[in-house]
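Colleague: Take a look at entry12.txt, compact mmCIF, C-alpha atoms and all ligand atoms:
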```
# COMPACT_ATOMS: atom_id res chain seq x y z
CA MET A 1 -3.38 41.97 26.10
CA ILE A 2 -2.70 38.46 24.88
CA SER A 3 -4.74 35.87 26.72
CA THR A 4 -2.67 33.15 28.29
CA MET A 5 -5.66 30.84 28.60
CA MET A 6 -5.14 27.70 26.53
CA PRO A 7 -8.09 26.76 24.30
CA SER A 8 -9.87 23.69 25.53
CA PRO A 9 -13.21 22.23 24.47
CA ASP A 10 -14.83 24.32 27.24
CA ASN A 11 -13.28 27.68 26.61
CA ILE A 12 -13.31 27.75 22.79
CA ARG A 13 -15.62 30.68 22.10
CA ASP A 14 -17.23 29.28 18.99
CA PRO A 15 -19.48 26.44 20.20
CA HIS A 16 -19.23 24.85 16.74
CA LEU A 17 -15.59 24.22 17.44
CA ARG A 18 -16.45 22.12 20.47
CA ARG A 19 -16.10 18.46 19.84
CA ASN A 20 -19.37 16.63 19.79
CA ARG A 21 -17.89 13.50 18.26
CA LYS A 22 -14.36 12.20 18.25
CA GLY A 23 -12.18 14.18 15.92
CA MET A 24 -15.11 16.45 14.99
CA PRO A 25 -15.02 19.10 13.68
CA LEU A 26 -11.31 19.70 14.01
CA LEU A 27 -10.62 17.05 11.39
CA PRO A 28 -12.79 17.08 8.25
CA GLY A 29 -15.37 14.34 8.72
CA GLY A 30 -13.61 13.47 11.99
CA TYR A 31 -10.79 11.75 10.11
CA GLY A 32 -7.12 12.36 9.49
CA ARG A 33 -7.25 10.09 6.40
CA SER A 34 -10.11 9.51 3.98
CA ALA A 35 -9.24 5.80 4.01
CA TYR A 36 -10.40 5.59 7.65
CA HIS A 37 -13.98 6.10 6.53
CA VAL A 38 -16.18 3.16 7.45
CA GLY A 39 -19.55 4.87 7.46
CA LYS A 40 -20.02 5.35 11.19
CA GLU A 41 -17.73 6.77 13.82
CA PRO A 42 -14.92 4.20 14.01
CA PRO A 43 -13.15 3.03 17.15
CA TYR A 44 -9.76 4.54 17.98
CA ALA A 45 -6.66 2.38 18.32
CA VAL A 46 -5.01 2.67 21.71
CA HIS A 47 -2.57 -0.22 21.94
CA GLY A 48 -0.99 -2.89 19.77
CA GLU A 49 1.07 -5.98 20.47
CA GLY A 50 1.97 -8.51 17.81
CA TRP A 51 -1.17 -9.51 15.89
CA ARG A 52 -3.41 -8.05 18.60
CA MET A 53 -4.71 -4.54 19.00
CA TRP A 54 -7.02 -2.89 21.49
CA ASP A 55 -9.40 -0.02 20.83
CA ASP A 56 -10.80 2.72 23.03
CA ASN A 57 -13.87 0.58 23.75
CA GLY A 58 -11.50 -1.85 25.48
CA ARG A 59 -12.08 -4.40 22.76
CA GLU A 60 -9.30 -6.82 21.86
CA LEU A 61 -9.02 -7.33 18.11
CA ILE A 62 -7.08 -9.33 15.55
CA ASP A 63 -5.24 -6.66 13.58
CA ALA A 64 -5.65 -7.85 10.00
CA ASN A 65 -5.45 -4.27 8.75
CA GLY A 66 -1.84 -3.80 9.88
CA ASN A 67 -1.94 -0.17 8.82
CA PHE A 68 -3.08 -1.08 5.34
CA THR A 69 -0.67 -4.06 4.95
CA THR A 70 2.36 -2.23 6.38
CA LEU A 71 2.84 -4.02 9.72
CA ILE A 72 4.06 -7.35 8.41
CA HIS A 73 5.67 -8.08 11.80
CA GLY A 74 2.61 -6.99 13.72
CA ASN A 75 2.43 -4.20 16.28
CA ALA A 76 5.47 -3.07 18.23
CA HIS A 77 7.78 -5.92 17.25
CA PRO A 78 10.48 -5.82 19.98
CA GLU A 79 13.47 -5.92 17.61
CA ILE A 80 12.03 -3.20 15.38
CA VAL A 81 11.14 -1.07 18.40
CA GLU A 82 14.70 -1.46 19.69
CA ALA A 83 16.21 -0.39 16.36
CA ALA A 84 13.89 2.60 16.08
CA GLU A 85 14.47 3.63 19.72
CA GLN A 86 18.19 3.44 19.24
CA ALA A 87 17.91 5.62 16.12
CA ILE A 88 15.71 8.18 17.88
CA ARG A 89 18.13 8.42 20.80
CA THR A 90 21.03 8.99 18.46
CA GLY A 91 19.25 11.63 16.37
CA ALA A 92 15.93 11.20 14.60
CA SER A 93 16.83 13.13 11.46
CA TRP A 94 19.84 14.92 10.06
CA GLY A 95 20.70 17.09 7.09
CA ILE A 96 23.68 15.04 5.94
CA PRO A 97 23.54 11.37 4.91
CA ASN A 98 23.31 8.67 7.58
CA LEU A 99 24.73 5.17 7.65
CA SER A 100 21.39 3.42 8.11
CA GLU A 101 20.28 4.72 4.72
CA TRP A 102 23.22 2.90 3.21
CA ASP A 103 22.29 -0.26 5.17
CA LEU A 104 18.71 -0.24 3.93
CA ALA A 105 19.86 0.49 0.37
CA GLU A 106 22.09 -2.58 0.53
CA THR A 107 19.39 -4.73 2.12
CA MET A 108 16.84 -3.72 -0.51
CA LEU A 109 19.13 -4.06 -3.51
CA ASP A 110 20.26 -7.50 -2.34
CA ARG A 111 16.62 -8.48 -2.79
CA LEU A 112 16.27 -6.87 -6.19
CA PRO A 113 18.68 -8.57 -8.58
CA GLY A 114 18.88 -6.61 -11.82
CA LEU A 115 18.21 -3.26 -10.13
CA ASP A 116 21.30 -1.29 -9.17
CA GLN A 117 20.39 1.84 -7.25
CA ILE A 118 17.75 3.15 -4.89
CA ARG A 119 16.43 6.41 -3.46
CA PHE A 120 14.19 6.63 -0.40
CA ALA A 121 11.12 8.82 0.04
CA ASN A 122 8.46 9.16 2.73
CA SER A 123 5.53 7.33 1.17
CA GLY A 124 4.51 5.15 -1.72
CA THR A 125 2.81 8.16 -3.28
CA GLU A 126 6.09 10.07 -3.34
CA ALA A 127 7.97 7.08 -4.69
CA VAL A 128 5.54 6.74 -7.62
CA MET A 129 5.68 10.50 -8.33
CA SER A 130 9.46 10.31 -8.48
CA ALA A 131 9.41 7.22 -10.68
CA PHE A 132 7.20 9.08 -13.17
CA ARG A 133 9.58 12.04 -13.08
CA ILE A 134 12.61 9.82 -13.69
CA ALA A 135 10.85 8.13 -16.62
CA ARG A 136 9.93 11.50 -18.12
CA ALA A 137 13.39 12.95 -17.66
CA VAL A 138 15.05 9.88 -19.17
CA THR A 139 12.75 9.54 -22.18
CA GLY A 140 11.88 13.19 -22.80
CA ARG A 141 8.21 12.11 -23.06
CA ASP A 142 5.17 12.80 -20.88
CA GLY A 143 2.69 9.94 -21.36
CA ILE A 144 2.04 7.30 -18.71
CA VAL A 145 0.13 4.06 -19.33
CA MET A 146 -1.75 2.62 -16.36
CA THR A 147 -4.27 -0.13 -15.83
CA LYS A 148 -7.81 1.04 -15.21
CA ASP A 149 -8.70 1.19 -11.52
CA GLY A 150 -5.14 0.54 -10.44
CA PHE A 151 -4.01 2.45 -7.39
CA HIS A 152 -0.67 4.19 -7.23
CA GLY A 153 -1.12 6.66 -4.40
CA THR A 154 -2.62 10.11 -4.34
CA SER A 155 -0.60 12.28 -6.72
CA ASP A 156 -2.55 13.92 -9.55
CA PHE A 157 -1.33 11.51 -12.23
CA ALA A 158 -1.80 8.44 -10.06
CA LEU A 159 -5.38 9.35 -9.15
CA LEU A 160 -6.29 9.43 -12.82
CA ALA A 161 -6.12 5.63 -12.85
CA SER A 162 -9.76 5.76 -11.78
CA GLY A 163 -10.66 8.49 -14.27
CA PRO A 164 -10.93 12.25 -13.79
CA THR A 165 -11.70 13.41 -10.24
CA LYS A 166 -12.41 16.78 -8.74
CA GLY A 167 -9.28 18.59 -7.65
CA VAL A 168 -6.96 16.75 -10.03
CA ALA A 169 -5.35 19.08 -12.58
CA ARG A 170 -7.14 18.71 -15.90
CA SER A 171 -3.86 19.29 -17.63
CA ALA A 172 -2.70 15.90 -16.31
CA GLU A 173 -5.47 14.04 -18.15
CA SER A 174 -3.95 14.16 -21.61
CA ASP A 175 -0.82 12.44 -20.33
CA VAL A 176 -2.51 9.40 -18.79
CA THR A 177 -3.80 6.48 -20.88
CA LEU A 178 -5.79 3.73 -19.18
CA VAL A 179 -5.85 0.12 -20.32
CA PRO A 180 -8.41 -2.39 -19.01
CA LEU A 181 -6.80 -4.83 -16.62
CA GLY A 182 -5.22 -7.77 -18.45
CA ASP A 183 -6.25 -6.52 -21.91
CA ILE A 184 -3.17 -7.34 -24.00
CA ASP A 185 -4.74 -6.24 -27.31
CA GLU A 186 -5.61 -2.85 -25.94
CA LEU A 187 -2.12 -2.45 -24.50
CA ARG A 188 -0.64 -3.19 -27.93
CA GLU A 189 -3.04 -0.78 -29.59
CA VAL A 190 -2.08 2.04 -27.25
CA PHE A 191 1.53 1.76 -28.42
CA GLN A 192 0.56 1.21 -32.06
CA ASN A 193 -1.46 4.42 -32.03
CA ASN A 194 1.21 6.49 -30.29
CA PRO A 195 4.56 4.72 -30.47
CA THR A 196 6.60 7.63 -29.07
CA LYS A 197 4.18 9.21 -26.60
CA TYR A 198 4.92 7.19 -23.49
CA ALA A 199 7.57 7.62 -20.84
CA ALA A 200 6.39 4.62 -18.82
CA ILE A 201 3.95 1.82 -18.19
CA ILE A 202 3.19 1.40 -14.49
CA LEU A 203 1.76 -1.86 -13.17
CA ASP A 204 0.52 -2.84 -9.73
CA LEU A 205 0.92 -6.60 -9.99
CA LEU A 206 -1.86 -7.31 -7.46
CA PRO A 207 -4.29 -4.42 -7.78
CA ASN A 208 -6.49 -4.28 -4.71
CA LYS A 209 -8.84 -1.59 -5.97
CA ALA A 210 -9.41 -3.52 -9.20
CA GLY A 211 -10.34 -6.76 -7.41
CA LEU A 212 -7.21 -8.25 -5.81
CA LEU A 213 -6.51 -10.67 -8.66
CA PRO A 214 -2.88 -10.81 -9.81
CA LEU A 215 -2.03 -9.60 -13.31
CA SER A 216 -1.36 -12.51 -15.65
CA LYS A 217 2.26 -13.26 -16.47
CA GLU A 218 1.37 -12.89 -20.18
CA PHE A 219 0.09 -9.35 -19.64
CA VAL A 220 3.16 -8.38 -17.60
CA GLU A 221 5.52 -9.93 -20.17
CA GLU A 222 3.74 -8.08 -22.98
CA ALA A 223 4.10 -4.81 -21.06
CA ARG A 224 7.81 -5.60 -20.69
CA ALA A 225 8.18 -6.27 -24.42
CA LEU A 226 6.21 -3.18 -25.50
CA ALA A 227 8.10 -0.88 -23.14
CA THR A 228 11.43 -2.16 -24.47
CA ALA A 229 10.32 -1.97 -28.10
CA HIS A 230 9.06 1.61 -27.77
CA GLY A 231 11.71 3.12 -25.52
CA ALA A 232 9.39 3.48 -22.51
CA LEU A 233 10.28 2.41 -18.96
CA LEU A 234 8.42 -0.38 -17.20
CA ILE A 235 7.61 0.47 -13.57
CA PHE A 236 6.38 -2.13 -11.10
CA ASP A 237 4.50 -0.55 -8.23
CA GLU A 238 5.24 -3.05 -5.46
CA VAL A 239 4.19 -0.79 -2.57
CA VAL A 240 1.78 -3.52 -1.44
CA SER A 241 2.92 -6.62 -3.35
CA PHE A 242 6.59 -6.52 -2.29
CA ARG A 243 5.71 -8.62 0.78
CA LEU A 244 4.64 -11.55 -1.41
CA GLY A 245 8.08 -12.79 -2.42
CA PRO A 246 11.73 -12.41 -1.36
CA ASN A 247 12.18 -10.30 -4.52
CA GLY A 248 8.64 -8.96 -4.57
CA LEU A 249 5.87 -10.27 -6.80
CA GLY A 250 7.77 -9.28 -9.94
CA GLY A 251 10.55 -11.59 -8.77
CA ARG A 252 8.03 -14.41 -8.45
CA MET A 253 6.81 -13.73 -11.98
CA GLY A 254 10.38 -13.61 -13.27
CA VAL A 255 9.96 -10.27 -15.04
CA LEU A 256 12.39 -7.41 -14.47
CA PRO A 257 11.13 -3.81 -14.47
CA ASP A 258 13.27 -0.75 -15.16
CA LEU A 259 12.06 0.95 -11.99
CA LEU A 260 10.33 -0.45 -8.94
CA THR A 261 8.47 1.48 -6.28
CA ALA A 262 8.12 0.13 -2.76
CA GLY A 263 6.86 1.35 0.61
CA LYS A 264 4.86 0.06 3.58
CA VAL A 265 6.63 -3.12 4.85
CA ILE A 266 10.14 -1.88 4.01
CA GLY A 267 10.02 0.79 6.76
CA GLY A 268 9.13 -1.50 9.67
CA GLY A 269 6.02 0.60 10.38
CA PHE A 270 7.63 4.01 9.87
CA ALA A 271 7.07 6.45 7.00
CA ILE A 272 8.82 5.26 3.87
CA GLY A 273 8.82 4.96 0.11
CA ALA A 274 11.53 3.83 -2.28
CA ILE A 275 12.37 3.95 -5.97
CA ALA A 276 14.81 1.28 -7.10
CA GLY A 277 16.02 0.96 -10.65
CA ARG A 278 18.64 0.26 -13.21
CA GLN A 279 21.61 2.55 -12.98
CA GLU A 280 21.21 3.89 -16.50
CA TYR A 281 17.90 5.44 -15.37
CA MET A 282 18.53 6.14 -11.69
CA SER A 283 21.69 8.08 -12.53
CA ILE A 284 19.45 10.93 -13.69
CA LEU A 285 19.18 11.67 -9.94
CA ASP A 286 22.96 11.93 -9.56
CA PRO A 287 23.67 15.55 -8.60
CA TRP A 288 27.27 15.20 -9.82
CA SER A 289 25.89 15.13 -13.33
CA PRO A 290 24.97 18.43 -15.01
CA GLU A 291 21.96 16.63 -16.54
CA SER A 292 20.52 15.57 -13.19
CA ILE A 293 17.03 16.22 -11.88
CA SER A 294 16.34 16.82 -8.22
CA HIS A 295 14.79 14.43 -5.72
CA SER A 296 14.92 15.38 -2.04
CA GLY A 297 12.53 15.53 0.96
CA THR A 298 13.37 16.70 4.47
CA PHE A 299 12.62 13.28 5.95
CA SER A 300 13.70 11.11 3.02
CA GLY A 301 16.11 8.46 4.24
CA ASN A 302 15.65 9.46 7.88
CA PRO A 303 17.56 7.13 10.22
CA VAL A 304 14.49 5.94 12.13
CA SER A 305 12.66 4.57 9.08
CA MET A 306 15.93 3.25 7.69
CA ALA A 307 17.01 1.41 10.87
CA ALA A 308 13.54 -0.01 11.46
CA GLY A 309 13.33 -1.04 7.80
CA VAL A 310 16.62 -2.93 7.91
CA VAL A 311 15.43 -5.02 10.86
CA ALA A 312 11.99 -5.55 9.30
CA LEU A 313 13.57 -6.92 6.13
CA GLN A 314 16.05 -9.06 8.06
CA LEU A 315 13.11 -10.63 9.90
CA LEU A 316 11.28 -11.12 6.62
CA THR A 317 13.30 -14.10 5.46
CA PRO A 318 12.30 -16.12 2.39
CA ALA A 319 11.16 -18.88 4.79
CA GLU A 320 8.93 -16.45 6.70
CA ILE A 321 7.45 -15.10 3.47
CA GLU A 322 6.71 -18.65 2.36
CA ARG A 323 5.17 -19.57 5.71
CA LEU A 324 2.98 -16.46 5.69
CA ASN A 325 1.91 -17.00 2.08
CA SER A 326 0.96 -20.60 2.74
CA LEU A 327 -1.02 -19.56 5.83
CA GLY A 328 -2.85 -17.21 3.47
CA ASP A 329 -3.42 -19.96 0.89
CA ASN A 330 -4.86 -22.24 3.58
CA ALA A 331 -7.08 -19.47 4.92
CA ARG A 332 -8.40 -18.80 1.41
CA ALA A 333 -9.15 -22.48 0.80
CA GLU A 334 -10.82 -22.81 4.21
CA ALA A 335 -12.93 -19.70 3.63
CA ASN A 336 -13.92 -20.61 0.08
CA ALA A 337 -15.11 -24.05 1.15
CA VAL A 338 -17.82 -22.21 3.11
CA LEU A 339 -18.28 -18.89 1.33
CA ASN A 340 -19.00 -20.04 -2.21
CA ALA A 341 -22.33 -21.49 -1.10
CA HIS A 342 -23.20 -18.01 0.18
CA GLY A 343 -22.35 -16.32 -3.12
CA TRP A 344 -19.00 -14.96 -1.92
CA GLU A 345 -15.35 -15.86 -2.37
CA MET A 346 -12.05 -15.09 -0.70
CA ARG A 347 -9.64 -13.62 -3.22
CA GLY A 348 -6.03 -12.57 -2.99
CA LEU A 349 -2.57 -13.99 -3.16
CA GLY A 350 -0.31 -15.31 -0.40
CA SER A 351 -0.63 -13.29 2.80
CA LEU A 352 -3.16 -10.82 1.33
CA LEU A 353 -6.84 -11.73 1.38
CA ARG A 354 -10.09 -10.01 0.59
CA PRO A 355 -13.69 -11.24 0.43
CA PHE A 356 -15.75 -10.43 -2.68
CA PRO A 357 -19.21 -11.43 -3.87
CA LEU A 358 -18.89 -14.09 -6.60
CA ASP A 359 -20.18 -11.43 -8.94
CA ALA A 360 -17.69 -8.76 -7.88
CA ARG A 361 -19.74 -6.08 -9.66
CA GLN A 362 -22.24 -6.38 -6.81
CA LEU A 363 -19.70 -4.95 -4.39
CA ASP A 364 -20.55 -1.39 -3.46
CA GLY A 365 -19.26 0.94 -0.77
CA GLU A 366 -22.23 0.27 1.49
CA THR A 367 -21.60 -3.51 1.43
CA GLN A 368 -17.91 -2.98 2.17
CA ARG A 369 -18.80 -0.83 5.15
CA ARG A 370 -21.29 -3.39 6.48
CA LEU A 371 -18.65 -6.09 6.15
CA TRP A 372 -16.08 -3.93 7.93
CA TRP A 373 -18.44 -3.56 10.91
CA ALA A 374 -19.47 -7.21 10.90
CA ALA A 375 -15.77 -8.19 11.02
CA TYR A 376 -15.16 -5.67 13.79
CA GLU A 377 -18.06 -7.09 15.81
CA ASN A 378 -16.41 -10.50 15.34
CA GLY A 379 -13.09 -9.14 16.62
CA VAL A 380 -11.23 -8.55 13.34
CA VAL A 381 -9.97 -5.23 11.97
CA LEU A 382 -9.86 -5.05 8.16
CA SER A 383 -8.90 -2.14 5.93
CA SER A 384 -11.86 0.04 4.96
CA ALA A 385 -11.83 -1.76 1.57
CA ASN A 386 -11.93 -5.12 3.45
CA LEU A 387 -8.34 -6.05 2.62
CA ALA A 388 -6.73 -8.34 5.20
CA ALA A 389 -2.98 -8.83 5.64
CA LEU A 390 -1.39 -11.59 7.70
CA SER A 391 1.59 -10.79 9.90
CA THR A 392 4.57 -12.89 11.02
CA PRO A 393 3.51 -13.11 14.71
CA MET A 394 0.49 -15.11 13.50
CA GLY A 395 0.60 -18.90 13.64
CA GLU A 396 -1.81 -21.51 12.30
CA GLN A 397 -4.19 -21.24 15.23
CA VAL A 398 -4.54 -17.45 15.00
CA VAL A 399 -5.03 -17.54 11.24
CA HIS A 400 -7.68 -20.24 11.64
CA ASP A 401 -9.44 -18.13 14.27
CA PHE A 402 -9.17 -15.04 12.04
CA THR A 403 -10.60 -16.97 9.05
CA ASP A 404 -13.48 -18.28 11.12
CA ARG A 405 -14.39 -14.84 12.36
CA LEU A 406 -14.08 -13.25 8.92
CA VAL A 407 -16.16 -15.98 7.28
CA GLY A 408 -18.84 -15.40 9.93
CA ALA A 409 -18.80 -11.68 9.14
CA VAL A 410 -19.09 -12.30 5.39
CA ILE A 411 -22.05 -14.65 5.88
CA LYS A 412 -23.76 -12.08 8.07
CA THR A 413 -23.15 -9.42 5.40
CA ALA A 414 -24.35 -11.73 2.61
CA GLU A 415 -27.52 -12.58 4.48
CA GLY A 416 -28.20 -8.94 5.23
CA ALA A 417 -27.95 -8.20 1.52
CA GLU A 418 -30.72 -10.64 0.55
N1 LIG A 501 0.96 2.16 -4.65
C1 LIG A 501 0.13 1.18 -4.25
C2 LIG A 501 0.00 -0.07 -5.06
C3 LIG A 501 -0.61 1.35 -3.07
O1 LIG A 501 -1.47 0.39 -2.69
C4 LIG A 501 -0.43 2.53 -2.30
C5 LIG A 501 -1.17 2.77 -1.00
N2 LIG A 501 -1.90 1.75 -0.50
C6 LIG A 501 0.44 3.50 -2.77
C7 LIG A 501 1.13 3.29 -3.94
C8 LIG A 501 0.65 4.77 -2.00
O2 LIG A 501 1.39 4.54 -0.85
P1 LIG A 501 1.30 5.56 0.39
O3 LIG A 501 -0.04 5.37 1.01
O4 LIG A 501 2.44 5.14 1.27
O5 LIG A 501 1.48 6.92 -0.17
```
Could you render the structure from this file as structure tokens?
Ligand code: PMP
Modeller:
Amino acid sequence: MISTMMPSPDNIRDPHLRRNRKGMPLLPGGYGRSAYHVGKEPPYAVHGEGWRMWDDNGRELIDANGNFTTLIHGNAHPEIVEAAEQAIRTGASWGIPNLSEWDLAETMLDRLPGLDQIRFANSGTEAVMSAFRIARAVTGRDGIVMTKDGFHGTSDFALLASGPTKGVARSAESDVTLVPLGDIDELREVFQNNPTKYAAIILDLLPNKAGLLPLSKEFVEEARALATAHGALLIFDEVVSFRLGPNGLGGRMGVLPDLLTAGKVIGGGFAIGAIAGRQEYMSILDPWSPESISHSGTFSGNPVSMAAGVVALQLLTPAEIERLNSLGDNARAEANAVLNAHGWEMRGLGSLLRPFPLDARQLDGETQRRLWWAAYENGVVLSSANLAALSTPMGEQVVHDFTDRLVGAVIKTAEGAE
């Protein structure tokens, strides 16, 4: 007979399946994402409102993590909630196109002069995977050039930016060529050695993993010139950096890619990714054409992410972006006036900030975890890599308070390291 008793922590027969710690052992390591790992059992989020969040210890926190830079309008922004609620009530996902997808396409392409078409996906990882596929299909080549220690999501090819890792198909390795960040000579040499190998160069214009310093305009312009000269596509991965300018960071630099990947902020806090590009390349996805390649996804372009994304981008006016970026610039200057004497600095650009030791090579995982906890004790939530992102509900006073608390945490971490 089939038992009708529901499993609960008390009636699961195998005692090892009982939970001794939160999330354990039902989730490997207790986590649903590796990026949650901060060394000790982390708090759980239970509520968010604007720039504030509360955890299950009842602690009120400044949310400078913002789901890894996604929540540019903070938690539960009323207009975004209303748009998403409305979409859910009307039908959360369908198997024929929806009008909100069209709206977000228009909103995005208005911000991306020079790019003509767009496809939506469910994450930045998916968007980058599709951009690679488009580049390969268009050029008939397999090679991808990336900067060393860039981050482009968790597909096999993207993970190779940090070198070979367990679980990544070895067959992918021969197709990926890494160039040290900002090394123009090496970039040139890569194309001199193999002028017809590469389908694309992909650049994250503000690589967090590689130190949160923007790529130089000269490097980006050289990538543009080499891609054009050798028939490869230039891809800007703006999954994180799109928030930094009305037309992304590439727009600020004045360089036009062939394809651009976006995610995070453009979905208003819901799952999203996007590949925008010039029509001559994007048309490879056009199913009317016998030459087309497929790009789908059950939840791609779902009306909830689309409707929320439209409102999020409407709220993210050029004036708001500028205000947020200058709040970030002030916070960096304020922090650096204190931190440099302690052997640390606040890096970043505009609304994205991250503390580093002056000699960034000293930064190891253990130090990052200590800093995460010191910030948490001071009432600030950072990403596990210590990245902080400002959000539009924040004003001068909140950002000053945030900076003060973060500086205190960095000093505590620096002193602990001596
Ligand atoms: N590209 C960049 C530059 C990223 O920083 C990330 C994730 N932080 C991704 C791609 C992958 O995005 P997602 O986590 O939505 O898959």
Colleague: Taking only C-alpha atoms and all ligand atoms into account, name the residue in A:His230, A:Arg21, A:Arg89, A:Arg243 that is nearest to ligand LIG 501 (chain A).
Modeller: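 Closest to ligand LIG 501 (chain A), using only C-alpha atoms and all ligand atoms: A:Arg243.
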Colleague: Using only C-alpha atoms and all ligand atoms, tabulate the residues of chain A lying at most 9 Å from any atom of ligand LIG 501 (chain A), each with its closest atom pair and that distance in Å to one decimal, by chain and increasing residue number, as JSON lines.
Modeller:
```
{"residue": "A:Phe68", "atom": "CA", "partner": "A:LIG501", "partner_atom": "N2", "distance": 6.6}
{"residue": "A:Thr69", "atom": "CA", "partner": "A:LIG501", "partner_atom": "N2", "distance": 8.1}
{"residue": "A:Thr70", "atom": "CA", "partner": "A:LIG501", "partner_atom": "O4", "distance": 9.0}
{"residue": "A:Asn122", "atom": "CA", "partner": "A:LIG501", "partner_atom": "O4", "distance": 7.4}
{"residue": "A:Ser123", "atom": "CA", "partner": "A:LIG501", "partner_atom": "O4", "distance": 3.8}
{"residue": "A:Gly124", "atom": "CA", "partner": "A:LIG501", "partner_atom": "O2", "distance": 3.3}
{"residue": "A:Thr125", "atom": "CA", "partner": "A:LIG501", "partner_atom": "O5", "distance": 3.6}
{"residue": "A:Glu126", "atom": "CA", "partner": "A:LIG501", "partner_atom": "O5", "distance": 6.4}
{"residue": "A:Ala127", "atom": "CA", "partner": "A:LIG501", "partner_atom": "C7", "distance": 7.9}
{"residue": "A:Val128", "atom": "CA", "partner": "A:LIG501", "partner_atom": "C7", "distance": 6.7}
{"residue": "A:Gly150", "atom": "CA", "partner": "A:LIG501", "partner_atom": "C2", "distance": 7.5}
{"residue": "A:Phe151", "atom": "CA", "partner": "A:LIG501", "partner_atom": "C2", "distance": 5.3}
{"residue": "A:His152", "atom": "CA", "partner": "A:LIG501", "partner_atom": "N1", "distance": 3.7}
{"residue": "A:Gly153", "atom": "CA", "partner": "A:LIG501", "partner_atom": "C8", "distance": 3.5}
{"residue": "A:Thr154", "atom": "CA", "partner": "A:LIG501", "partner_atom": "O5", "distance": 6.7}
{"residue": "A:Ser155", "atom": "CA", "partner": "A:LIG501", "partner_atom": "O5", "distance": 8.7}
{"residue": "A:Ala158", "atom": "CA", "partner": "A:LIG501", "partner_atom": "C7", "distance": 8.5}
{"residue": "A:Leu203", "atom": "CA", "partner": "A:LIG501", "partner_atom": "C2", "distance": 8.5}
{"residue": "A:Asp204", "atom": "CA", "partner": "A:LIG501", "partner_atom": "C2", "distance": 5.5}
{"residue": "A:Leu205", "atom": "CA", "partner": "A:LIG501", "partner_atom": "C2", "distance": 8.2}
{"residue": "A:Leu206", "atom": "CA", "partner": "A:LIG501", "partner_atom": "C2", "distance": 7.9}
{"residue": "A:Pro207", "atom": "CA", "partner": "A:LIG501", "partner_atom": "C2", "distance": 6.7}
{"residue": "A:Asn208", "atom": "CA", "partner": "A:LIG501", "partner_atom": "O1", "distance": 7.1}
{"residue": "A:Lys209", "atom": "CA", "partner": "A:LIG501", "partner_atom": "O1", "distance": 8.3}
{"residue": "A:Asp237", "atom": "CA", "partner": "A:LIG501", "partner_atom": "C2", "distance": 5.5}
{"residue": "A:Glu238", "atom": "CA", "partner": "A:LIG501", "partner_atom": "C2", "distance": 6.0}
{"residue": "A:Val239", "atom": "CA", "partner": "A:LIG501", "partner_atom": "C1", "distance": 4.8}
{"residue": "A:Val240", "atom": "CA", "partner": "A:LIG501", "partner_atom": "O1", "distance": 5.2}
{"residue": "A:Ser241", "atom": "CA", "partner": "A:LIG501", "partner_atom": "C2", "distance": 7.4}
{"residue": "A:Thr261", "atom": "CA", "partner": "A:LIG501", "partner_atom": "N1", "distance": 7.7}
{"residue": "A:Ala262", "atom": "CA", "partner": "A:LIG501", "partner_atom": "N1", "distance": 7.7}
{"residue": "A:Gly263", "atom": "CA", "partner": "A:LIG501", "partner_atom": "O4", "distance": 5.9}
{"residue": "A:Lys264", "atom": "CA", "partner": "A:LIG501", "partner_atom": "O4", "distance": 6.1}
{"residue": "A:Ala271", "atom": "CA", "partner": "A:LIG501", "partner_atom": "O4", "distance": 7.5}
{"residue": "A:Ile272", "atom": "CA", "partner": "A:LIG501", "partner_atom": "O4", "distance": 6.9}
{"residue": "A:Gly273", "atom": "CA", "partner": "A:LIG501", "partner_atom": "O4", "distance": 6.5}
```
Colleague: Please determine, counting all atoms listed in the file, which residue among A:Gly245, A:Pro303, A:Pro287, A:Gly416 has the shortest atom-to-atom distance to Thr317 in chain A.
Modeller: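 Looking at the shortest contact to Thr317 in chain A, the residue is A:Gly245.
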Colleague: Please determine, counting all atoms listed in the file, which residue among A:Gly267, A:Gly328, A:Pro113, A:Gly395 has the shortest atom-to-atom distance to Met306 in chain A.
Modeller: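 The answer is A:Gly267, which sits nearest to Met306 in chain A.
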Colleague: Return the single residue from A:Ser283, A:Thr228, A:Thr107, A:Thr367 that is closest to Pro257 in chain A, with distances computed using only C-alpha atoms.
Modeller: A:Thr228
Colleague: Extract, using only C-alpha atoms, all DNA, RNA and protein residues at most 12 Å from Glu101 in chain A, discarding same-chain residues fewer than 3 positions from it, and format them as a short mmCIF file (atom, residue, chain, number, x, y, z; two decimals) with C-alpha atoms, in the frame of the given file.
Modeller:
```cif
data_model
loop_
_atom_site.label_atom_id
_atom_site.label_comp_id
_atom_site.auth_asym_id
_atom_site.auth_seq_id
_atom_site.Cartn_x
_atom_site.Cartn_y
_atom_site.Cartn_z
CA ALA A 87 17.91 5.62 16.12
CA SER A 93 16.83 13.13 11.46
CA TRP A 94 19.84 14.92 10.06
CA ILE A 96 23.68 15.04 5.94
CA PRO A 97 23.54 11.37 4.91
CA ASN A 98 23.31 8.67 7.58
CA LEU A 104 18.71 -0.24 3.93
CA ALA A 105 19.86 0.49 0.37
CA GLU A 106 22.09 -2.58 0.53
CA THR A 107 19.39 -4.73 2.12
CA MET A 108 16.84 -3.72 -0.51
CA ILE A 118 17.75 3.15 -4.89
CA ARG A 119 16.43 6.41 -3.46
CA PHE A 120 14.19 6.63 -0.40
CA ALA A 121 11.12 8.82 0.04
CA GLY A 267 10.02 0.79 6.76
CA ILE A 272 8.82 5.26 3.87
CA ALA A 274 11.53 3.83 -2.28
CA PHE A 299 12.62 13.28 5.95
CA SER A 300 13.70 11.11 3.02
CA GLY A 301 16.11 8.46 4.24
CA ASN A 302 15.65 9.46 7.88
CA PRO A 303 17.56 7.13 10.22
CA VAL A 304 14.49 5.94 12.13
CA SER A 305 12.66 4.57 9.08
CA MET A 306 15.93 3.25 7.69
CA ALA A 307 17.01 1.41 10.87
CA ALA A 308 13.54 -0.01 11.46
CA GLY A 309 13.33 -1.04 7.80
CA VAL A 310 16.62 -2.93 7.91
#
```
